[in-house]
>>> print(open('my_file-v6.txt').read())   # compact mmCIF, C-alpha atoms and all ligand atoms
# COMPACT_ATOMS: atom_id res chain seq x y z
CA MET A 296 -2.83 -1.51 -3.94
CA THR A 297 -2.86 2.25 -4.34
CA GLY A 298 -3.40 4.16 -1.12
CA PHE A 299 -2.99 1.00 0.93
CA GLN A 300 -0.94 2.44 3.79
CA SER A 301 -0.85 2.55 7.59
CA GLY A 302 -0.82 6.35 7.72
CA ILE A 303 2.33 6.36 9.87
CA PRO A 304 5.11 7.79 7.65
CA ALA A 305 7.97 5.85 9.32
CA VAL A 306 6.09 2.56 8.99
CA ASP A 307 5.02 3.20 5.41
CA ALA A 308 8.61 4.05 4.44
CA TYR A 309 9.76 0.78 6.03
CA LEU A 310 7.03 -1.24 4.30
CA ALA A 311 7.87 0.31 0.94
CA ASP A 312 11.63 0.03 1.22
CA GLY A 313 13.02 -2.20 3.97
CA PHE A 314 10.43 -4.86 4.75
CA ASP A 315 11.52 -7.17 1.92
CA GLY A 316 15.11 -6.92 3.12
CA VAL A 317 14.22 -8.41 6.52
CA ARG A 318 13.80 -12.17 6.44
CA GLY A 319 10.53 -13.29 7.98
CA MET A 320 7.11 -14.80 7.57
CA SER A 321 4.58 -12.00 8.11
CA SER A 322 2.98 -10.30 5.12
CA ARG A 323 3.26 -6.65 4.22
CA PHE A 324 -0.54 -6.74 3.93
CA SER A 325 -0.96 -7.68 7.61
CA ALA A 326 1.80 -5.35 8.82
CA THR A 327 0.10 -2.40 7.09
CA ILE A 328 -3.25 -3.18 8.71
CA CYS A 329 -1.74 -3.75 12.16
CA ALA A 330 0.27 -0.52 12.05
CA HIS A 331 -2.91 1.29 11.00
CA LEU A 332 -4.60 -0.22 14.07
CA MET A 333 -1.81 1.10 16.27
CA ARG A 334 -2.27 4.55 14.74
CA ARG A 335 -5.97 4.31 15.48
CA GLN A 336 -5.21 3.31 19.09
CA SER A 337 -2.89 6.30 19.47
CA GLU A 338 -5.57 8.62 18.08
CA MET A 339 -8.11 7.21 20.54
CA GLY A 340 -5.73 7.64 23.49
CA ILE A 341 -5.13 3.91 23.99
CA ARG A 342 -1.59 3.90 25.31
CA GLY A 343 0.77 1.09 26.15
CA SER A 344 3.77 -0.84 25.00
CA VAL A 345 3.73 -3.74 22.53
CA ALA A 346 5.14 -7.27 22.62
CA GLU A 347 5.82 -9.94 20.07
CA ILE A 348 6.33 -13.62 20.84
CA GLY A 349 8.40 -15.03 17.98
CA THR A 350 10.35 -12.01 16.79
CA PHE A 351 12.78 -13.91 14.55
CA GLU A 352 14.74 -11.30 12.54
CA GLY A 353 12.27 -8.48 13.18
CA ARG A 354 10.20 -8.25 10.00
CA PHE A 355 6.85 -7.60 11.73
CA PHE A 356 8.37 -6.29 14.97
CA ILE A 357 10.06 -3.33 13.27
CA ALA A 358 6.69 -2.18 11.89
CA LEU A 359 5.18 -2.35 15.40
CA GLY A 360 8.19 -0.53 16.88
CA LEU A 361 7.99 2.27 14.31
CA ALA A 362 4.29 2.70 15.15
CA LEU A 363 4.91 3.38 18.86
CA ALA A 364 3.97 6.68 20.47
CA GLU A 365 6.15 8.59 22.95
CA ARG A 366 7.29 6.69 26.05
CA GLU A 367 6.12 3.33 24.70
CA HIS A 368 8.39 0.37 24.16
CA ALA A 369 8.52 -2.81 22.06
CA TYR A 370 9.51 -6.15 23.63
CA GLY A 371 10.59 -8.98 21.35
CA PHE A 372 10.55 -12.54 22.75
CA ASP A 373 12.31 -15.34 20.96
CA LEU A 374 14.65 -18.22 21.63
CA PHE A 375 16.96 -16.48 19.10
CA THR A 376 18.58 -19.84 18.36
CA TRP A 377 16.91 -20.78 15.06
CA PRO A 378 18.22 -21.22 12.41
CA ASP A 379 21.55 -20.32 14.06
CA ASP A 380 22.96 -18.38 16.99
CA LYS A 381 23.38 -15.17 14.95
CA VAL A 382 19.65 -14.49 14.62
CA LEU A 383 19.70 -11.93 17.46
CA ASP A 384 22.56 -10.05 15.78
CA ARG A 385 20.61 -9.92 12.53
CA PHE A 386 17.50 -8.76 14.39
CA THR A 387 19.29 -5.82 16.04
CA GLU A 388 21.04 -4.93 12.79
CA ASN A 389 17.73 -5.01 10.87
CA ALA A 390 16.16 -2.72 13.49
CA ARG A 391 19.09 -0.28 13.29
CA ARG A 392 19.11 -0.27 9.49
CA ASN A 393 15.37 0.44 9.37
CA GLY A 394 15.38 3.32 11.84
CA LEU A 395 14.07 1.64 14.99
CA ALA A 396 16.16 3.32 17.69
CA GLU A 397 17.75 0.95 20.20
CA GLN A 398 16.17 2.72 23.19
CA ARG A 399 12.70 1.92 21.76
CA PHE A 400 12.95 -1.87 21.98
CA THR A 401 14.33 -4.76 24.02
CA PRO A 402 14.99 -8.29 22.80
CA ARG A 403 13.84 -10.87 25.36
CA PRO A 404 15.72 -14.14 24.78
CA PHE A 405 13.33 -16.49 26.57
CA ASP A 406 11.38 -19.66 25.94
CA THR A 407 7.93 -18.19 26.61
CA GLY A 408 6.73 -21.67 27.61
CA THR A 409 8.78 -21.30 30.78
CA LEU A 410 7.29 -17.92 31.74
CA ASP A 411 4.36 -17.32 34.03
CA VAL A 412 2.05 -14.31 33.86
CA GLU A 413 3.91 -12.38 36.56
CA THR A 414 7.31 -12.92 34.98
CA PHE A 415 6.00 -11.94 31.54
CA ALA A 416 4.53 -8.76 33.07
CA GLY A 417 7.89 -7.97 34.65
CA LEU A 418 9.59 -8.42 31.29
CA THR A 419 7.17 -6.09 29.49
CA GLY A 420 7.26 -3.01 31.70
CA ARG A 421 4.62 -4.16 34.21
CA ALA A 422 1.82 -2.26 32.47
CA PRO A 423 -0.98 -3.40 30.14
CA LEU A 424 0.14 -3.93 26.55
CA ARG A 425 -1.90 -2.43 23.74
CA PHE A 426 -0.80 -4.82 21.00
CA ILE A 427 0.57 -8.35 21.36
CA HIS A 428 1.63 -10.41 18.35
CA VAL A 429 1.72 -14.14 19.09
CA ASP A 430 3.91 -15.93 16.55
CA GLY A 431 6.10 -18.30 18.56
CA GLU A 432 5.91 -22.08 18.78
CA HIS A 433 2.93 -23.39 16.81
CA SER A 434 1.94 -26.37 18.93
CA PRO A 435 -1.50 -26.31 20.61
CA GLU A 436 0.10 -26.38 24.08
CA ALA A 437 2.53 -23.53 23.32
CA LEU A 438 -0.15 -21.37 21.68
CA GLY A 439 -2.47 -21.98 24.63
CA HIS A 440 0.26 -20.88 27.01
CA ASP A 441 1.23 -17.80 24.94
CA LEU A 442 -2.45 -16.83 24.70
CA MET A 443 -2.71 -17.06 28.48
CA LEU A 444 0.31 -14.74 28.88
CA ALA A 445 -1.13 -12.30 26.33
CA HIS A 446 -4.63 -12.33 27.80
CA ALA A 447 -3.39 -11.55 31.30
CA ASN A 448 -1.23 -8.65 30.14
CA LEU A 449 -3.57 -7.04 27.60
CA HIS A 450 -4.82 -3.47 27.84
CA PRO A 451 -8.65 -3.55 28.21
CA GLN A 452 -8.95 -1.99 24.74
CA GLY A 453 -5.89 -3.73 23.31
CA LEU A 454 -5.48 -6.27 20.54
CA ILE A 455 -4.03 -9.78 20.46
CA CYS A 456 -2.84 -10.72 16.98
CA LEU A 457 -2.34 -14.43 16.23
CA ASP A 458 -0.24 -15.51 13.28
CA ASP A 459 -0.47 -18.56 11.04
CA MET A 460 -4.14 -19.20 11.68
CA LEU A 461 -5.52 -21.46 8.94
CA HIS A 462 -1.97 -22.18 7.79
CA PRO A 463 -1.98 -25.52 5.90
CA GLY A 464 1.01 -26.60 7.97
CA TYR A 465 -0.93 -26.18 11.25
CA PRO A 466 -4.47 -27.15 10.26
CA PHE A 467 -5.77 -27.65 13.80
CA LEU A 468 -4.13 -24.72 15.57
CA VAL A 469 -7.42 -22.82 15.37
CA VAL A 470 -8.89 -25.40 17.76
CA THR A 471 -6.73 -23.86 20.49
CA VAL A 472 -8.14 -20.43 19.67
CA HIS A 473 -11.65 -21.83 19.70
CA ASP A 474 -11.01 -23.31 23.17
CA TYR A 475 -9.61 -19.97 24.34
CA LEU A 476 -12.65 -18.03 23.06
CA ARG A 477 -15.03 -20.47 24.69
CA ALA A 478 -13.18 -20.10 27.98
CA HIS A 479 -13.26 -16.27 27.68
CA PRO A 480 -16.75 -15.27 26.50
CA ASP A 481 -15.77 -11.61 26.97
CA MET A 482 -13.30 -11.92 24.06
CA ARG A 483 -14.11 -11.80 20.34
CA LEU A 484 -12.49 -12.65 17.06
CA MET A 485 -12.74 -9.10 15.66
CA CYS A 486 -10.98 -9.52 12.31
CA VAL A 487 -9.37 -12.08 10.04
CA ILE A 488 -6.50 -10.76 7.92
CA ASP A 489 -6.17 -13.11 4.99
CA ARG A 490 -2.97 -14.60 3.59
CA GLU A 491 -0.63 -13.26 0.95
CA ASP A 492 1.09 -16.60 0.48
CA ILE A 493 1.70 -19.93 2.20
CA VAL A 494 4.65 -18.35 4.04
CA ALA A 495 2.60 -15.28 4.97
CA ALA A 496 -0.52 -16.92 6.34
CA PRO A 497 -3.64 -15.33 7.88
CA LYS A 498 -3.72 -13.54 11.19
CA PHE A 499 -6.58 -13.31 13.70
CA LEU A 500 -7.19 -10.13 15.68
CA ILE A 501 -8.83 -10.67 19.06
CA CYS A 502 -10.09 -8.10 21.55
CA ARG A 503 -12.67 -7.67 24.26
CA ALA A 504 -16.28 -7.67 23.07
CA ASP A 505 -16.77 -4.09 24.26
CA ALA A 506 -13.73 -2.94 22.25
CA VAL A 507 -14.89 -4.37 18.89
CA ARG A 508 -16.75 -1.15 18.01
CA LEU A 509 -13.49 0.83 18.35
CA TYR A 510 -11.98 -1.06 15.45
CA GLU A 511 -14.38 -2.85 13.11
CA THR A 512 -16.19 0.05 11.41
CA ASP A 513 -12.92 1.90 10.96
CA LEU A 514 -11.27 -1.16 9.39
CA MET A 515 -14.13 -1.68 6.94
CA ALA A 516 -14.07 1.99 5.93
CA THR A 517 -10.29 2.46 5.78
CA PHE A 518 -9.62 -0.75 3.87
CA LYS A 519 -12.75 -0.67 1.70
CA SER A 520 -10.96 -2.16 -1.32
CA GLN A 521 -9.65 -5.05 0.78
CA HIS A 522 -12.92 -5.69 2.62
CA PHE A 523 -14.67 -9.01 1.95
CA ILE A 524 -18.18 -7.73 2.51
CA LEU A 525 -19.72 -11.05 3.52
CA GLY A 526 -17.41 -11.04 6.56
CA GLY A 527 -16.80 -14.06 8.74
CA ASP A 528 -19.00 -16.13 11.03
CA ALA A 529 -16.97 -16.10 14.24
CA MET A 530 -18.75 -18.39 16.71
CA GLY A 531 -22.08 -16.64 16.36
CA HIS A 532 -20.57 -13.19 15.99
CA HIS A 533 -19.69 -11.34 12.85
CA CYS A 534 -16.05 -10.53 12.14
CA VAL A 535 -14.35 -8.31 9.60
CA VAL A 536 -12.44 -10.11 6.84
CA LEU A 537 -9.69 -8.24 4.97
CA THR A 538 -8.09 -9.89 1.98
CA PRO A 539 -5.74 -8.63 -0.75
CA ASN A 540 -8.23 -9.44 -3.54
CA PRO A 541 -11.79 -9.70 -2.20
CA ARG A 542 -14.22 -11.68 -4.34
CA ILE A 543 -16.58 -14.62 -4.22
CA ALA A 544 -16.21 -17.65 -6.44
CA GLU A 545 -17.83 -17.27 -9.84
CA VAL A 546 -20.58 -19.76 -10.51
C1 LIG B 1 7.40 -17.94 12.39
S1 LIG B 1 8.81 -17.35 13.24
C2 LIG B 1 8.33 -15.70 13.58
C3 LIG B 1 8.27 -14.79 12.37
C4 LIG B 1 8.22 -13.33 12.67
N1 LIG B 1 7.20 -12.96 13.64
C5 LIG B 1 8.01 -12.55 11.38
O1 LIG B 1 6.99 -11.86 11.25
O2 LIG B 1 8.85 -12.61 10.52
C6 LIG B 1 8.62 -18.14 14.79
C7 LIG B 1 9.66 -17.76 15.83
O3 LIG B 1 9.21 -18.25 17.09
C8 LIG B 1 10.34 -18.59 17.86
N2 LIG B 1 9.94 -19.52 18.92
C9 LIG B 1 9.60 -20.83 18.77
N3 LIG B 1 9.33 -21.37 19.97
C10 LIG B 1 9.50 -20.40 20.89
C11 LIG B 1 9.37 -20.35 22.31
N4 LIG B 1 9.00 -21.41 23.01
N5 LIG B 1 9.64 -19.16 22.94
C12 LIG B 1 10.00 -18.07 22.23
N6 LIG B 1 10.13 -18.05 20.88
C13 LIG B 1 9.89 -19.22 20.22
C14 LIG B 1 11.30 -19.20 16.84
O4 LIG B 1 12.63 -19.13 17.33
C15 LIG B 1 11.05 -18.35 15.60
O5 LIG B 1 11.99 -17.33 15.46
>>> encode(input="my_file-v6.txt", output="structure tokens")
Amino acid sequence: MTGFQSGIPAVDAYLADGFDGVRGMSSRFSATICAHLMRRQSEMGIRGSVAEIGTFEGRFFIALGLALAEREHAYGFDLFTWPDDKVLDRFTENARRNGLAEQRFTPRPFDTGTLDVETFAGLTGRAPLRFIHVDGEHSPEALGHDLMLAHANLHPQGLICLDDMLHPGYPFLVVTVHDYLRAHPDMRLMCVIDREDIVAAPKFLICRADAVRLYETDLMATFKSQHFILGGDAMGHHCVVLTPNPRIAEV
């Protein structure tokens, strides 16, 4: 994919030479698009720190951290116990090796299911977050809870990114997102980022309805070669669909 980059030199260097060396489940495709979105936020003056629920060994987190502007911070929540008790060590080593300075991020070893909105806010700098990646426990109850934490701590023009949507291993997890969107009519599914593989499944990008215009036209123009022009029918609204190889079935 020639020219398929985030436009942030540190992130693009990591994605080209580093990303594959960090164990994880997010795709390079989605990390490129999300780092581009953070660049766009910075250019529009949308400021704030970022958080990830389900940091694992840092594959996606490092890209977010390298996309931060001055005086912003990255918070990584995980149990850090799976598959063994050395996962936190590998996470910090991966961050160091890929140029994410230790003063730019903080691991948060918590079960997010035990946190309330206030506690989560206290653990993320007590200011609205501009990008929140939700990739922790994939049960409907846990996702519902993590979405509640993210929603309450989101910058008005910020983005919630949900991983493993439409993953064959979690076929009904989208029902939780549907319930969330019905309960929050001010929120929209703005974009679906398609899969690269079964271990790098699609992500949903959610934001406030009045923030959609900040992102959707730019995404369609910047990632023209990845844009599925029919888009997606997102509960009566139109959403952007980006996919590595856009096409419709031949008949
Ligand atoms: C799919 S992995 C995350 C992959 C990572 N985001 C990446 O891009 O490579 C899911 C992670 O969520 C963590 N997790 C599961 N339940 C959790 C919980 N209740 N609280 C915090 N983290 C949790 C697991 O420990 C695991 O590391």
>>> closest_atom_pairs(input="my_file-v6.txt", of="chain A", to="ligand LIG 1 (chain B)", cutoff="7 Å", atoms="all atoms listed in the file", output="tab-separated table")
residue	atom	partner	partner_atom	distance
A:Arg318	CA	B:LIG1	O2	6.4
A:Gly319	CA	B:LIG1	O2	3.1
A:Met320	CA	B:LIG1	O2	4.1
A:Ser321	CA	B:LIG1	O1	4.0
A:Ile348	CA	B:LIG1	N6	5.8
A:Gly349	CA	B:LIG1	O3	3.4
A:Thr350	CA	B:LIG1	N1	4.6
A:Phe351	CA	B:LIG1	O5	3.6
A:Glu352	CA	B:LIG1	O2	6.4
A:Gly353	CA	B:LIG1	O2	6.0
A:Arg354	CA	B:LIG1	O2	4.6
A:Phe355	CA	B:LIG1	O1	4.3
A:Phe356	CA	B:LIG1	O1	6.8
A:Phe372	CA	B:LIG1	C12	5.6
A:Asp373	CA	B:LIG1	N6	3.5
A:Leu374	CA	B:LIG1	N6	4.6
A:Phe375	CA	B:LIG1	O4	5.4
A:Thr376	CA	B:LIG1	O4	6.1
A:Trp377	CA	B:LIG1	O4	5.1
A:Phe405	CA	B:LIG1	C12	5.7
A:Asp406	CA	B:LIG1	N5	3.5
A:Thr407	CA	B:LIG1	N5	4.2
A:Gly408	CA	B:LIG1	N4	5.1
A:Asp430	CA	B:LIG1	N1	5.3
A:Gly431	CA	B:LIG1	O3	3.4
A:Glu432	CA	B:LIG1	N3	3.7
A:Ala437	CA	B:LIG1	N4	6.8
>>> atom_distance(input="my_file-v6.txt", atom1="atom CA of Asp481 of chain A", atom2="atom CA of Cys502 of chain A")
8.6 Å
>>> atom_distance(input="my_file-v6.txt", atom1="atom CA of Leu449 of chain A", atom2="atom CA of Gly420 of chain A")
12.3 Å
>>> residues_around(input="my_file-v6.txt", residues="Ser325 of chain A", least_positions_apart="4", cutoff="12 Å", atoms="all atoms listed in the file", output="number ranges by chain")
A: 299-301, 310, 320-321, 329-332, 354-356, 358-359, 428, 456-459, 486-492, 495-500, 518, 521, 536-539
>>> residues_near_point(input="my_file-v6.txt", point="(-22.4, -12.6, 18.4)", cutoff="12 Å", atoms="all atoms listed in the file", output="list in words")
Pro480, Asp481, Met482, Arg483, Leu484, Met485, Ala504, Asp505, Val507, Gly527, Asp528, Ala529, Met530, Gly531, His532, His533 and Cys534 of chain A
>>> closest_residue(input="my_file-v6.txt", among="A:Phe467, A:Thr419, A:Ala544, A:Ala362", to="Glu436 of chain A", atoms="all atoms listed in the file")
A:Phe467
>>> closest_residue(input="my_file-v6.txt", among="A:Arg366, A:His473, A:Lys519, A:Met443", to="Asp411 of chain A", atoms="all atoms listed in the file")
A:Met443
>>> residues_near_point(input="my_file-v6.txt", point="(15.8, 0.4, 15.3)", cutoff="12 Å", atoms="all atoms listed in the file", output="PyMOL selection string")
chain A and resi 305-306+309+313+353-354+356-363+368-369+385-402
>>> write_last_selection(input="my_file-v6.txt", atoms="C-alpha atoms", output="CSV table (one decimal), in the coordinates of the input")
chain,number,residue,atom,x,y,z
A,305,ALA,CA,8.0,5.8,9.3
A,306,VAL,CA,6.1,2.6,9.0
A,309,TYR,CA,9.8,0.8,6.0
A,313,GLY,CA,13.0,-2.2,4.0
A,353,GLY,CA,12.3,-8.5,13.2
A,354,ARG,CA,10.2,-8.2,10.0
A,356,PHE,CA,8.4,-6.3,15.0
A,357,ILE,CA,10.1,-3.3,13.3
A,358,ALA,CA,6.7,-2.2,11.9
A,359,LEU,CA,5.2,-2.4,15.4
A,360,GLY,CA,8.2,-0.5,16.9
A,361,LEU,CA,8.0,2.3,14.3
A,362,ALA,CA,4.3,2.7,15.2
A,363,LEU,CA,4.9,3.4,18.9
A,368,HIS,CA,8.4,0.4,24.2
A,369,ALA,CA,8.5,-2.8,22.1
A,385,ARG,CA,20.6,-9.9,12.5
A,386,PHE,CA,17.5,-8.8,14.4
A,387,THR,CA,19.3,-5.8,16.0
A,388,GLU,CA,21.0,-4.9,12.8
A,389,ASN,CA,17.7,-5.0,10.9
A,390,ALA,CA,16.2,-2.7,13.5
A,391,ARG,CA,19.1,-0.3,13.3
A,392,ARG,CA,19.1,-0.3,9.5
A,393,ASN,CA,15.4,0.4,9.4
A,394,GLY,CA,15.4,3.3,11.8
A,395,LEU,CA,14.1,1.6,15.0
A,396,ALA,CA,16.2,3.3,17.7
A,397,GLU,CA,17.8,1.0,20.2
A,398,GLN,CA,16.2,2.7,23.2
A,399,ARG,CA,12.7,1.9,21.8
A,400,PHE,CA,13.0,-1.9,22.0
A,401,THR,CA,14.3,-4.8,24.0
A,402,PRO,CA,15.0,-8.3,22.8
>>> closest_residue(input="my_file-v6.txt", among="A:Leu410, A:Val535, A:Leu509, A:Leu418", to="Gln336 of chain A", atoms="only C-alpha atoms")
A:Leu509
>>> atom_distance(input="my_file-v6.txt", atom1="atom CA of Tyr465 of chain A", atom2="atom CA of Gly439 of chain A")
14.1 Å
>>> build_atoms(input="my_file-v6.txt", residues="segment 373-384 of chain A", atoms="all heavy atoms", output="short mmCIF file (atom, residue, chain, number, x, y, z; two decimals), in the frame of the given file")
data_model
loop_
_atom_site.label_atom_id
_atom_site.label_comp_id
_atom_site.auth_asym_id
_atom_site.auth_seq_id
_atom_site.Cartn_x
_atom_site.Cartn_y
_atom_site.Cartn_z
N ASP A 373 11.97 -14.24 21.86
CA ASP A 373 12.31 -15.34 20.96
C ASP A 373 13.40 -16.17 21.62
O ASP A 373 14.11 -15.69 22.52
CB ASP A 373 12.82 -14.80 19.61
CG ASP A 373 12.59 -15.80 18.47
OD1 ASP A 373 13.19 -16.89 18.51
OD2 ASP A 373 11.82 -15.49 17.55
N LEU A 374 13.52 -17.40 21.17
CA LEU A 374 14.65 -18.22 21.63
C LEU A 374 15.94 -17.67 21.03
O LEU A 374 17.02 -17.80 21.61
CB LEU A 374 14.46 -19.67 21.16
CG LEU A 374 13.17 -20.36 21.58
CD1 LEU A 374 13.00 -21.68 20.82
CD2 LEU A 374 13.18 -20.61 23.09
N PHE A 375 15.82 -17.03 19.85
CA PHE A 375 16.96 -16.48 19.10
C PHE A 375 18.04 -17.54 18.87
O PHE A 375 19.23 -17.24 18.94
CB PHE A 375 17.54 -15.24 19.79
CG PHE A 375 16.60 -14.06 19.81
CD1 PHE A 375 16.11 -13.56 21.02
CD2 PHE A 375 16.21 -13.43 18.64
CE1 PHE A 375 15.24 -12.46 21.05
CE2 PHE A 375 15.35 -12.33 18.65
CZ PHE A 375 14.87 -11.85 19.86
N THR A 376 17.60 -18.77 18.62
CA THR A 376 18.58 -19.84 18.36
C THR A 376 18.35 -20.50 17.01
O THR A 376 19.12 -21.38 16.62
CB THR A 376 18.46 -20.94 19.44
OG1 THR A 376 17.10 -21.40 19.48
CG2 THR A 376 18.87 -20.44 20.80
N TRP A 377 17.25 -20.13 16.32
CA TRP A 377 16.91 -20.78 15.06
C TRP A 377 16.90 -19.76 13.93
O TRP A 377 16.34 -18.68 14.13
CB TRP A 377 15.51 -21.42 15.16
CG TRP A 377 15.07 -22.04 13.87
CD1 TRP A 377 15.37 -23.28 13.40
CD2 TRP A 377 14.26 -21.42 12.86
NE1 TRP A 377 14.79 -23.46 12.16
CE2 TRP A 377 14.11 -22.34 11.81
CE3 TRP A 377 13.64 -20.15 12.75
CZ2 TRP A 377 13.37 -22.05 10.66
CZ3 TRP A 377 12.92 -19.87 11.60
CH2 TRP A 377 12.79 -20.83 10.57
N PRO A 378 17.55 -19.98 12.83
CA PRO A 378 18.22 -21.22 12.41
C PRO A 378 19.66 -21.32 12.89
O PRO A 378 20.28 -22.36 12.66
CB PRO A 378 18.18 -21.13 10.88
CG PRO A 378 18.21 -19.66 10.60
CD PRO A 378 17.48 -19.00 11.73
N ASP A 379 20.18 -20.26 13.53
CA ASP A 379 21.55 -20.32 14.06
C ASP A 379 21.67 -19.31 15.20
O ASP A 379 20.72 -18.57 15.50
CB ASP A 379 22.57 -20.04 12.93
CG ASP A 379 22.31 -18.69 12.27
OD1 ASP A 379 22.24 -17.68 12.98
OD2 ASP A 379 22.16 -18.65 11.02
N ASP A 380 22.82 -19.25 15.82
CA ASP A 380 22.96 -18.38 16.99
C ASP A 380 23.27 -16.92 16.64
O ASP A 380 23.57 -16.12 17.51
CB ASP A 380 24.02 -18.95 17.96
CG ASP A 380 25.40 -19.04 17.31
OD1 ASP A 380 25.53 -18.60 16.14
OD2 ASP A 380 26.33 -19.53 17.96
N LYS A 381 23.15 -16.57 15.36
CA LYS A 381 23.38 -15.17 14.95
C LYS A 381 22.06 -14.43 14.68
O LYS A 381 22.07 -13.28 14.24
CB LYS A 381 24.24 -15.13 13.66
CG LYS A 381 25.67 -15.63 13.84
CD LYS A 381 26.52 -14.56 14.52
CE LYS A 381 27.95 -14.98 14.72
NZ LYS A 381 28.14 -16.01 15.74
N VAL A 382 20.94 -15.10 14.96
CA VAL A 382 19.65 -14.49 14.62
C VAL A 382 19.42 -13.19 15.41
O VAL A 382 18.89 -12.21 14.88
CB VAL A 382 18.49 -15.51 14.76
CG1 VAL A 382 18.27 -15.94 16.17
CG2 VAL A 382 17.21 -14.98 14.16
N LEU A 383 19.87 -13.16 16.67
CA LEU A 383 19.70 -11.93 17.46
C LEU A 383 20.53 -10.78 16.88
O LEU A 383 20.07 -9.63 16.83
CB LEU A 383 20.07 -12.20 18.92
CG LEU A 383 19.96 -11.02 19.89
CD1 LEU A 383 18.57 -10.39 19.85
CD2 LEU A 383 20.27 -11.47 21.32
N ASP A 384 21.72 -11.08 16.42
CA ASP A 384 22.56 -10.05 15.78
C ASP A 384 21.86 -9.49 14.54
O ASP A 384 21.85 -8.29 14.30
CB ASP A 384 23.92 -10.63 15.36
CG ASP A 384 24.75 -11.06 16.54
OD1 ASP A 384 24.41 -10.67 17.68
OD2 ASP A 384 25.73 -11.81 16.33
#
